[in-house]
$ cat my_file11.txt   # compact mmCIF, C-alpha atoms
# COMPACT_ATOMS: atom_id res chain seq x y z
CA MET A 30 11.49 217.24 157.54
CA ARG A 31 12.76 216.60 161.06
CA LYS A 32 15.29 219.44 160.89
CA LEU A 33 12.79 221.84 159.33
CA LEU A 34 10.17 221.21 162.02
CA ALA A 35 12.75 221.46 164.80
CA ILE A 36 14.10 224.76 163.47
CA LEU A 37 10.64 226.31 163.02
CA ILE A 38 9.43 225.35 166.49
CA VAL A 39 12.63 226.53 168.20
CA LEU A 40 12.28 229.79 166.24
CA LEU A 41 8.82 230.23 167.72
CA GLY A 42 10.24 229.75 171.21
CA ALA A 43 13.12 232.15 170.60
CA LEU A 44 11.21 234.92 168.81
CA LEU A 45 7.85 235.11 170.60
CA PRO A 46 9.26 237.11 173.56
CA TRP A 47 10.90 239.50 171.05
CA HIS A 48 7.92 240.06 168.75
CA GLY A 49 7.64 243.70 169.84
CA THR A 50 11.20 244.62 168.88
CA ILE A 51 10.85 242.72 165.61
CA THR A 52 7.87 244.95 164.83
CA VAL A 53 9.79 248.08 165.86
CA PHE A 54 13.17 247.53 164.23
CA LEU A 55 12.46 245.45 161.12
CA PRO A 56 10.40 246.20 157.99
CA GLU A 57 6.65 245.90 158.43
CA TYR A 58 6.25 242.55 156.70
CA PHE A 59 8.47 240.90 159.36
CA ARG A 60 5.70 241.35 161.93
CA TRP A 61 3.92 238.44 160.23
CA TRP A 62 6.80 236.03 160.86
CA LYS A 63 4.82 233.95 163.37
CA GLU A 64 1.84 233.56 161.04
CA ALA A 65 4.23 232.47 158.26
CA ILE A 66 5.72 229.75 160.48
CA LEU A 67 2.27 228.56 161.51
CA LEU A 68 1.15 228.38 157.87
CA VAL A 69 4.15 226.19 157.00
CA LEU A 70 3.43 223.91 159.96
CA LEU A 71 -0.26 223.78 159.01
CA GLY A 72 0.75 222.74 155.50
CA VAL A 73 2.93 219.95 156.91
CA VAL A 74 0.05 218.72 159.07
CA LEU A 75 -2.39 218.73 156.14
CA VAL A 76 0.03 216.69 154.02
CA GLN A 77 0.47 214.24 156.89
CA GLU A 78 -3.28 213.92 157.35
CA ILE A 79 -3.94 213.30 153.65
CA TRP A 80 -1.13 210.77 153.44
CA ALA A 81 -2.33 208.95 156.58
CA TRP A 82 -5.89 208.87 155.21
CA ARG A 83 -4.73 207.37 151.93
CA GLU A 84 -2.67 204.78 153.81
CA LYS A 85 -5.62 204.11 156.15
CA LYS A 86 -3.42 205.05 159.14
CA LEU A 87 -5.22 208.23 160.13
CA LYS A 88 -4.98 208.85 163.88
CA LYS A 89 -8.30 209.26 165.69
CA PHE A 90 -9.11 212.78 166.76
CA THR A 91 -9.09 213.44 170.49
CA TRP A 92 -11.98 215.22 172.20
CA ALA A 93 -9.79 218.29 172.69
CA GLU A 94 -9.03 218.39 168.96
CA ILE A 95 -12.70 217.99 168.05
CA LEU A 96 -13.72 220.76 170.45
CA ALA A 97 -11.01 223.08 169.12
CA PHE A 98 -12.26 222.45 165.58
CA LEU A 99 -15.89 223.06 166.60
CA PHE A 100 -14.91 226.32 168.29
CA LEU A 101 -13.24 227.51 165.08
CA PHE A 102 -16.19 226.30 162.99
CA TRP A 103 -18.63 228.24 165.18
CA GLY A 104 -16.40 231.29 164.91
CA VAL A 105 -16.32 231.10 161.11
CA THR A 106 -20.13 230.76 161.12
CA LEU A 107 -20.44 233.94 163.18
CA VAL A 108 -18.06 235.74 160.82
CA ILE A 109 -20.21 234.80 157.82
CA LEU A 110 -23.38 235.97 159.59
CA ASN A 111 -21.80 239.24 160.73
CA PRO A 112 -22.61 242.29 158.53
CA ASP A 113 -19.20 243.80 159.39
CA LEU A 114 -17.12 241.00 157.88
CA LYS A 115 -13.72 242.68 158.31
CA THR A 116 -14.14 243.45 162.01
CA ALA A 117 -15.54 239.96 162.68
CA MET A 118 -12.58 238.31 160.94
CA ILE A 119 -10.13 240.36 163.00
CA ALA A 120 -11.98 239.42 166.19
CA LEU A 121 -11.91 235.71 165.31
CA ARG A 122 -8.18 235.96 164.65
CA TYR A 123 -7.65 236.93 168.28
CA LEU A 124 -10.25 234.58 169.75
CA GLY A 125 -9.41 231.55 167.63
CA MET A 126 -5.63 231.76 167.08
CA GLY A 127 -4.87 229.59 170.10
CA PHE A 128 -7.31 226.85 169.11
CA LEU A 129 -5.78 226.68 165.63
CA VAL A 130 -2.29 226.48 167.16
CA PHE A 131 -3.43 223.65 169.43
CA LEU A 132 -4.84 221.71 166.46
CA ILE A 133 -1.62 222.14 164.48
CA PHE A 134 0.71 220.98 167.23
CA SER A 135 -1.56 218.30 168.64
CA ARG A 136 -1.90 216.61 165.25
CA LEU A 137 1.78 217.17 164.45
CA LEU A 138 2.87 215.40 167.62
CA ARG A 139 0.38 212.56 167.21
CA ASN A 140 1.35 211.93 163.60
CA VAL A 141 5.07 211.66 164.25
CA GLU A 142 5.25 210.27 167.79
CA ASN A 143 6.11 206.77 166.56
CA SER A 144 7.40 207.66 163.13
CA ARG A 145 10.71 206.16 162.07
CA LEU A 146 11.46 209.45 160.37
CA VAL A 147 11.88 211.36 163.62
CA GLY A 148 12.14 208.76 166.37
CA LYS A 149 9.91 208.00 169.33
CA ASN A 150 11.56 210.59 171.63
CA TRP A 151 11.19 213.43 169.13
CA GLY A 152 8.38 215.14 171.04
CA GLN A 153 10.38 215.16 174.27
CA ARG A 154 13.49 216.59 172.64
CA LEU A 155 11.46 219.16 170.76
CA PHE A 156 9.67 220.32 173.90
CA HIS A 157 12.95 220.73 175.79
CA ASN A 158 14.49 222.67 172.89
CA PHE A 159 11.44 224.93 172.61
CA SER A 160 11.37 225.49 176.37
CA THR A 161 15.07 226.32 176.55
CA ALA A 162 14.83 228.81 173.67
CA PHE A 163 11.68 230.36 175.16
CA VAL A 164 13.15 230.77 178.66
CA ILE A 165 16.48 232.20 177.47
CA SER A 166 14.66 234.60 175.14
CA GLY A 167 12.43 235.71 178.03
CA VAL A 168 15.49 236.35 180.21
CA LEU A 169 17.09 238.43 177.46
CA SER A 170 13.84 240.36 177.09
CA VAL A 171 13.98 241.28 180.79
CA LEU A 172 17.60 242.41 180.42
CA PHE A 173 16.60 244.52 177.42
CA GLY A 174 13.80 246.11 179.45
CA THR A 175 16.14 246.72 182.39
CA TRP A 176 18.60 248.53 180.11
CA ALA A 177 15.79 250.59 178.58
CA GLU A 178 14.25 251.61 181.90
CA PHE A 179 17.24 252.09 184.18
CA PHE A 180 20.35 252.56 182.03
CA GLY A 181 19.43 255.16 179.41
CA GLY A 182 17.83 252.88 176.86
CA PHE A 183 14.69 255.00 176.51
CA GLU A 184 16.68 257.85 175.00
CA VAL A 185 18.36 255.54 172.49
CA LEU A 186 15.09 253.87 171.48
CA GLN A 187 12.87 256.96 171.30
CA ASN A 188 13.16 257.55 167.55
CA PHE A 189 12.36 253.93 166.71
CA TYR A 190 9.26 253.52 168.87
CA SER A 191 7.77 256.93 168.04
CA SER A 192 7.26 255.96 164.38
CA THR A 193 6.12 252.33 164.67
CA ILE A 194 2.48 251.30 164.30
CA SER A 195 1.18 248.75 166.80
CA SER A 196 0.26 245.28 165.56
CA TRP A 197 -2.39 245.01 168.29
CA VAL A 198 -4.41 247.99 167.11
CA PRO A 199 -3.15 249.24 163.72
CA GLY A 200 -3.18 253.01 163.79
CA GLN A 201 -1.86 253.23 167.33
CA ILE A 202 1.78 254.15 167.84
CA ILE A 203 3.79 251.79 170.05
CA PRO A 204 4.73 253.76 173.19
CA ILE A 205 8.33 253.50 174.30
CA PHE A 206 7.10 252.97 177.85
CA HIS A 207 3.76 252.48 179.59
CA GLU A 208 3.03 254.64 182.62
CA THR A 209 0.13 253.78 184.92
CA GLY A 210 -0.57 255.73 188.08
CA GLY A 211 2.93 257.20 188.06
CA LEU A 212 4.58 253.81 187.61
CA ILE A 213 6.58 252.94 184.50
CA ARG A 214 5.71 249.33 183.67
CA MET A 215 8.49 247.24 182.16
CA GLN A 216 7.65 245.89 178.72
CA GLY A 217 10.99 244.30 177.83
CA ALA A 218 11.34 243.39 174.17
CA LYS A 219 7.55 243.41 173.71
CA SER A 220 5.34 246.29 172.59
CA GLY A 221 3.50 246.38 175.92
CA PRO A 222 3.74 245.15 179.54
CA ILE A 223 0.69 242.85 179.47
CA GLU A 224 1.99 240.65 176.67
CA PHE A 225 5.48 240.80 178.19
CA LEU A 226 4.50 239.63 181.65
CA HIS A 227 2.27 236.75 180.54
CA LEU A 228 5.01 235.37 178.31
CA LEU A 229 7.38 235.66 181.27
CA LEU A 230 4.90 233.75 183.42
CA ALA A 231 4.83 230.94 180.85
CA GLY A 232 8.63 230.96 180.76
CA PHE A 233 8.79 230.87 184.56
CA ALA A 234 6.61 227.73 184.51
CA LEU A 235 9.02 226.06 182.07
CA VAL A 236 12.25 226.83 183.98
CA PRO A 237 12.29 223.66 186.15
CA PHE A 238 11.96 221.44 183.10
CA ILE A 239 14.74 222.76 180.90
CA GLN A 240 17.92 220.70 180.79
CA THR A 241 20.61 222.71 182.53
CA LYS A 242 22.33 223.09 185.90
CA ILE A 243 20.18 223.91 188.91
CA PHE A 244 22.12 227.12 189.59
CA ILE A 245 21.33 228.38 186.08
CA LYS A 246 17.67 227.53 186.63
CA VAL A 247 17.69 229.59 189.81
CA VAL A 248 19.25 232.55 188.00
CA PHE A 249 16.72 232.30 185.17
CA ALA A 250 13.86 232.15 187.67
CA ILE A 251 15.11 235.25 189.53
CA VAL A 252 15.44 237.28 186.33
CA LEU A 253 11.97 236.29 185.11
CA LEU A 254 10.42 237.08 188.52
CA PHE A 255 12.15 240.46 188.43
CA GLY A 256 10.54 241.20 185.07
CA ILE A 257 7.13 240.01 186.26
CA PHE A 258 7.34 242.21 189.32
CA LEU A 259 8.39 245.32 187.40
CA SER A 260 5.51 244.83 184.97
CA PHE A 261 3.29 245.78 187.94
CA SER A 262 0.62 243.21 187.19
CA ARG A 263 -1.05 241.86 190.29
CA ALA A 264 -2.52 239.02 188.23
CA ALA A 265 0.91 237.89 186.99
CA ILE A 266 2.46 238.19 190.45
CA LEU A 267 -0.40 236.11 191.85
CA GLY A 268 0.17 233.58 189.07
CA ALA A 269 3.87 233.36 189.94
CA VAL A 270 3.05 232.82 193.63
CA ILE A 271 0.65 230.01 192.68
CA LEU A 272 3.30 228.39 190.49
CA ILE A 273 5.88 228.49 193.26
CA ALA A 274 3.45 227.21 195.91
CA VAL A 275 2.15 224.28 193.84
CA PHE A 276 5.63 223.37 192.64
CA ALA A 277 7.07 223.42 196.18
CA PHE A 278 4.15 221.36 197.54
CA GLN A 279 4.45 218.73 194.81
CA ASN A 280 8.24 218.42 195.07
CA TRP A 281 8.87 219.03 198.76
CA ASN A 282 10.60 215.67 199.35
CA SER A 283 12.81 216.10 196.27
CA LEU A 284 13.66 219.67 197.20
CA PHE A 285 14.54 218.72 200.79
CA SER A 286 16.63 215.76 199.66
CA PHE A 287 18.37 217.94 197.08
CA MET A 288 19.23 220.62 199.65
CA VAL A 289 20.70 218.02 201.98
CA ASN A 290 22.73 216.27 199.28
CA TRP A 291 23.83 219.41 197.48
CA GLY A 292 25.67 220.78 200.49
CA ALA A 293 25.00 223.55 202.99
CA ALA A 294 27.39 226.02 201.36
CA LYS A 295 25.71 225.88 197.95
CA VAL A 296 22.21 226.04 199.43
CA PHE A 297 23.22 229.03 201.53
CA PHE A 298 24.59 230.74 198.42
CA VAL A 299 21.31 230.29 196.53
CA ILE A 300 19.33 231.63 199.52
CA LEU A 301 21.72 234.58 199.73
CA VAL A 302 21.20 235.36 196.02
CA LEU A 303 17.41 235.15 196.40
CA ALA A 304 17.41 237.31 199.53
CA GLY A 305 19.77 239.85 198.00
CA GLY A 306 17.65 240.05 194.89
CA ALA A 307 14.51 240.60 196.95
CA LEU A 308 16.12 243.30 199.10
CA PHE A 309 17.39 245.15 196.03
CA PHE A 310 14.50 244.80 193.61
CA ILE A 311 11.37 245.03 195.77
CA PRO A 312 11.96 248.56 197.17
CA LEU A 313 12.87 249.84 193.70
CA PRO A 314 9.39 249.95 192.11
CA LEU A 315 7.64 250.65 195.41
CA SER A 316 9.69 253.81 195.82
CA LEU A 317 8.37 255.24 192.57
CA GLN A 318 5.06 256.19 194.08
CA SER A 319 3.51 256.32 197.52
CA GLY A 320 1.43 253.20 197.86
CA GLY A 321 3.28 251.52 195.01
CA LEU A 322 1.79 248.43 193.46
CA VAL A 323 -1.22 248.16 195.75
CA LEU A 324 -2.62 251.56 194.82
CA ARG A 325 -1.85 251.39 191.09
CA SER A 326 -4.71 252.99 189.18
CA GLY A 327 -7.15 250.88 187.21
CA THR A 328 -7.99 248.46 190.02
CA ILE A 329 -11.74 248.91 189.70
CA GLU A 330 -11.63 248.15 185.96
CA HIS A 331 -10.80 244.50 186.66
CA PHE A 332 -14.27 244.26 188.22
CA SER A 333 -16.33 246.76 186.24
CA ARG A 334 -15.22 245.68 182.77
CA PRO A 335 -16.20 241.98 183.13
CA ILE A 336 -19.61 243.04 184.42
CA GLU A 337 -20.09 245.41 181.49
CA ALA A 338 -18.93 242.74 179.03
CA MET A 339 -21.33 240.23 180.57
CA GLN A 340 -24.18 242.71 180.17
CA THR A 341 -23.18 243.17 176.52
CA GLY A 342 -23.24 239.42 176.00
CA LEU A 343 -26.68 239.05 177.58
CA LYS A 344 -28.11 241.30 174.86
CA LYS A 345 -27.26 238.61 172.28
CA PRO A 346 -26.70 235.44 174.33
CA PHE A 347 -26.86 233.01 171.40
CA PHE A 348 -24.92 234.66 168.54
CA GLY A 349 -22.87 237.05 170.67
CA ASN A 350 -21.29 240.30 169.51
CA LEU A 351 -18.26 239.19 167.49
CA GLY A 352 -16.03 242.23 167.04
CA GLY A 353 -18.15 244.33 169.41
CA LEU A 354 -15.40 244.55 172.01
CA GLY A 355 -11.69 243.87 172.32
CA PRO A 356 -8.93 244.95 169.90
CA ALA A 357 -11.15 244.44 166.83
CA ALA A 358 -13.63 247.00 168.19
CA ARG A 359 -10.76 249.37 168.95
CA MET A 360 -9.53 249.10 165.36
CA LYS A 361 -13.02 249.82 164.03
CA ASN A 362 -13.52 252.83 166.29
CA LEU A 363 -10.09 254.18 165.37
CA ARG A 364 -10.86 253.79 161.68
CA GLU A 365 -14.38 255.25 161.80
CA LYS A 366 -14.35 257.64 164.76
CA ASN A 367 -10.64 258.38 165.24
CA ASP A 368 -11.06 257.05 168.79
CA ASP A 369 -9.32 253.84 169.85
CA LYS A 370 -11.41 253.26 172.96
CA ALA A 371 -13.50 250.09 173.27
CA LEU A 372 -14.54 247.68 176.00
CA ILE A 373 -12.02 245.01 177.06
CA ALA A 374 -13.66 242.14 178.96
CA GLU A 375 -10.67 241.52 181.34
CA ASN A 376 -11.81 237.87 181.55
CA VAL A 377 -11.21 235.21 178.91
CA PHE A 378 -14.43 233.28 179.53
CA ILE A 379 -16.64 236.35 179.66
CA ASP A 380 -14.95 237.50 176.44
CA TYR A 381 -15.90 234.22 174.75
CA PHE A 382 -19.50 234.65 175.91
CA ALA A 383 -19.77 238.33 174.99
CA GLN A 384 -18.37 237.80 171.48
CA MET A 385 -19.38 234.25 170.59
CA GLY A 386 -22.44 233.63 172.72
CA VAL A 387 -23.28 230.70 174.94
CA ILE A 388 -22.21 228.14 172.31
CA GLY A 389 -18.75 229.66 172.00
CA LEU A 390 -18.40 229.77 175.77
CA ALA A 391 -19.56 226.14 176.17
CA LEU A 392 -17.12 224.90 173.52
CA ALA A 393 -14.24 226.83 175.11
CA ILE A 394 -15.00 225.51 178.61
CA ALA A 395 -15.35 221.95 177.31
CA PHE A 396 -12.01 222.30 175.49
CA PHE A 397 -10.14 223.48 178.58
CA VAL A 398 -11.72 220.79 180.76
CA SER A 399 -10.77 218.13 178.19
CA THR A 400 -7.16 219.32 177.97
CA PHE A 401 -6.58 220.10 181.63
CA ARG A 402 -7.77 216.70 182.81
CA ASN A 403 -5.16 214.94 180.64
CA VAL A 404 -2.17 216.90 181.95
CA ARG A 405 0.07 215.22 184.53
CA ARG A 406 0.25 216.57 188.07
CA GLU A 407 3.71 218.09 187.50
CA TRP A 408 2.01 220.79 185.42
CA TRP A 409 -0.94 221.57 187.68
CA GLY A 410 0.82 224.73 188.89
CA PHE A 411 1.04 225.97 185.30
CA LEU A 412 -2.65 225.27 184.73
CA ALA A 413 -3.72 226.78 188.06
CA ALA A 414 -1.70 229.95 187.50
CA PHE A 415 -3.04 230.52 184.01
CA PHE A 416 -6.61 229.68 185.01
CA VAL A 417 -6.43 232.46 187.58
CA VAL A 418 -4.84 234.89 185.11
CA MET A 419 -7.44 234.00 182.45
CA ASN A 420 -10.11 235.24 184.82
CA LEU A 421 -8.30 238.52 185.47
CA ALA A 422 -7.29 239.50 181.92
CA THR A 423 -8.22 238.70 178.31
CA ILE A 424 -4.71 237.39 177.70
CA PHE A 425 -5.47 235.74 174.34
CA ASP A 426 -6.20 239.13 172.79
CA MET A 427 -2.43 239.09 172.34
CA THR A 428 -1.54 236.50 169.69
CA PRO A 429 2.02 235.73 170.95
CA VAL A 430 0.52 234.78 174.33
CA ALA A 431 -2.16 232.64 172.68
CA ILE A 432 0.43 230.91 170.49
CA ALA A 433 2.74 230.18 173.44
CA PHE A 434 0.00 229.00 175.82
CA PHE A 435 -1.84 226.71 173.40
CA MET A 436 1.42 225.39 171.97
CA ILE A 437 2.57 224.39 175.46
CA LEU A 438 -0.86 222.90 176.15
CA ALA A 439 -0.57 220.74 173.01
CA PHE A 440 2.84 219.51 174.17
CA LEU A 441 1.48 218.72 177.63
CA GLN A 442 -1.16 216.44 176.14
CA LYS A 443 1.83 214.18 175.53
CA SER A 444 3.38 215.04 178.90
CA ASP A 445 3.89 211.38 179.79
CA LYS A 446 6.57 211.41 177.08
CA ILE A 447 7.85 214.91 177.91
CA ALA A 448 8.24 215.30 181.67
CA SER A 449 7.40 212.46 184.03
CA LYS A 450 9.13 213.89 187.08
CA PHE A 451 10.83 217.00 188.41
CA PRO A 452 14.45 216.94 187.11
CA ILE A 453 15.95 218.14 190.39
CA HIS A 454 19.37 216.63 189.73
CA SER A 455 19.79 217.85 186.16
$ encode --input "my_file11.txt" --output "structure tokens"
Amino acid sequence: MRKLLAILIVLLGALLPWHGTITVFLPEYFRWWKEAILLVLLGVVLVQEIWAWREKKLKKFTWAEILAFLFLFWGVTLVILNPDLKTAMIALRYLGMGFLVFLIFSRLLRNVENSRLVGKNWGQRLFHNFSTAFVISGVLSVLFGTWAEFFGGFEVLQNFYSSTISSWVPGQIIPIFHETGGLIRMQGAKSGPIEFLHLLLAGFALVPFIQTKIFIKVVFAIVLLFGIFLSFSRAAILGAVILIAVFAFQNWNSLFSFMVNWGAAKVFFVILVLAGGALFFIPLPLSLQSGGLVLRSGTIEHFSRPIEAMQTGLKKPFFGNLGGLGPAARMKNLREKNDDKALIAENVFIDYFAQMGVIGLALAIAFFVSTFRNVRREWWGFLAAFFVVMNLATIFDMTPVAIAFFMILAFLQKSDKIASKFPIHS
């Protein structure tokens, strides 16, 4: 069992940043690989729970687990009450995927944390293996996107992308590149830049905690920042700045001591690499259009869409409008009206309210408060960055992002056994 669980979880880390290319290049049924892995893990958890109940060793449920279950229960209730069952089920898949993932991994870790079968340090080793696979896969995704955008890859990939149906909104064709306001936004090995950049942001948060040399960590961080910048998302860039600022503030003494002990020549080399990367990469996207990133079109939508979604939610404040906006609504409109346009809330919490009413919003807020308060200070930058991004984009409309974020959150509930300090000397 130990090897099976380790392989499946590392596969999640390695393949999530490449879900788009899996959809493009492999047969259609491969796009459900992540759901298949989650179903296997869910089966393992259910067997563990039944066995523990029979042996009268069932672990108590935490408040975060109870709230995640209640959120899913409320969602299923809304699906049953919804006259458009299919659209409501699709909407709940996007809204509830992360909470299900949290339940699976939270119970999995609690059930085996002291098991003789896997050993007491299993969770720590598993987290490091997942993080390493996730970060390396994210770096390779950036390199893939760099080849596609700057070294003739678009021409090679054109025939593949032009015939592949999107998994976000079935019926849409996956574009080989996304152009906004004259800027081509890097999407790496994903099927779109938004999913790409938020997975990179999660990977960037994990870089300091993977077990490798500091120089390799610096290289990984530079590559991931490069990808985030070329995705042209102000929210993701802001999230990266928050991560760096909080991390530097928390570890200033360790960083200063490390720079002194490591030697002036090596420190100078790292600074030179960072400065050279900034001088080369920053002018590149800004030269594509006058005004560059600041004047990228769509700015007003980050303010108008949440207001419109809030107004939609106020029409049905208790039961919400499950499937009335987001990708589920786009699928319905495409199917019925041959028009894939629908409102996107651009704010996770407003999305919960608009689709699941005040009860769904309250359960979601209570869940995040319950989980965030139990995470050690080393991870506050990760939480702060994603809290900001959650209020600027409905990031969990993209299931790979939801899986990665809630999976990491479940690991961090056991963060006292995973990362107790910044591994500056690793």
$ atom_distance --input "my_file11.txt" --atom1 "CA of Ile109 in chain A" --atom2 "CA of Ala393 in chain A"
20.0 Å
$ residues_around --input "my_file11.txt" --residues "range 397-414 of chain A" --least-positions-apart "6" --cutoff "7 Å" --atoms "only C-alpha atoms" --output "ChimeraX atom specification"
/A:92-93,234,268-269,271-272,275-276,441-442,444,450
$ closest_residue --input "my_file11.txt" --among "A:Ser262, A:Asn111, A:Thr161, A:Thr423" --to "Glu375 in chain A" --atoms "only C-alpha atoms"
A:Thr423
$ closest_residue --input "my_file11.txt" --among "A:Ala264, A:Ala81, A:Leu390, A:Ala358" --to "Met118 in chain A" --atoms "only C-alpha atoms"
A:Ala358
$ residues_near_point --input "my_file11.txt" --point "(5.9, 249.6, 178.7)" --cutoff "8 Å" --atoms "all atoms listed in the file" --output "ChimeraX atom specification"
/A:204-208,213-217,220-222,260
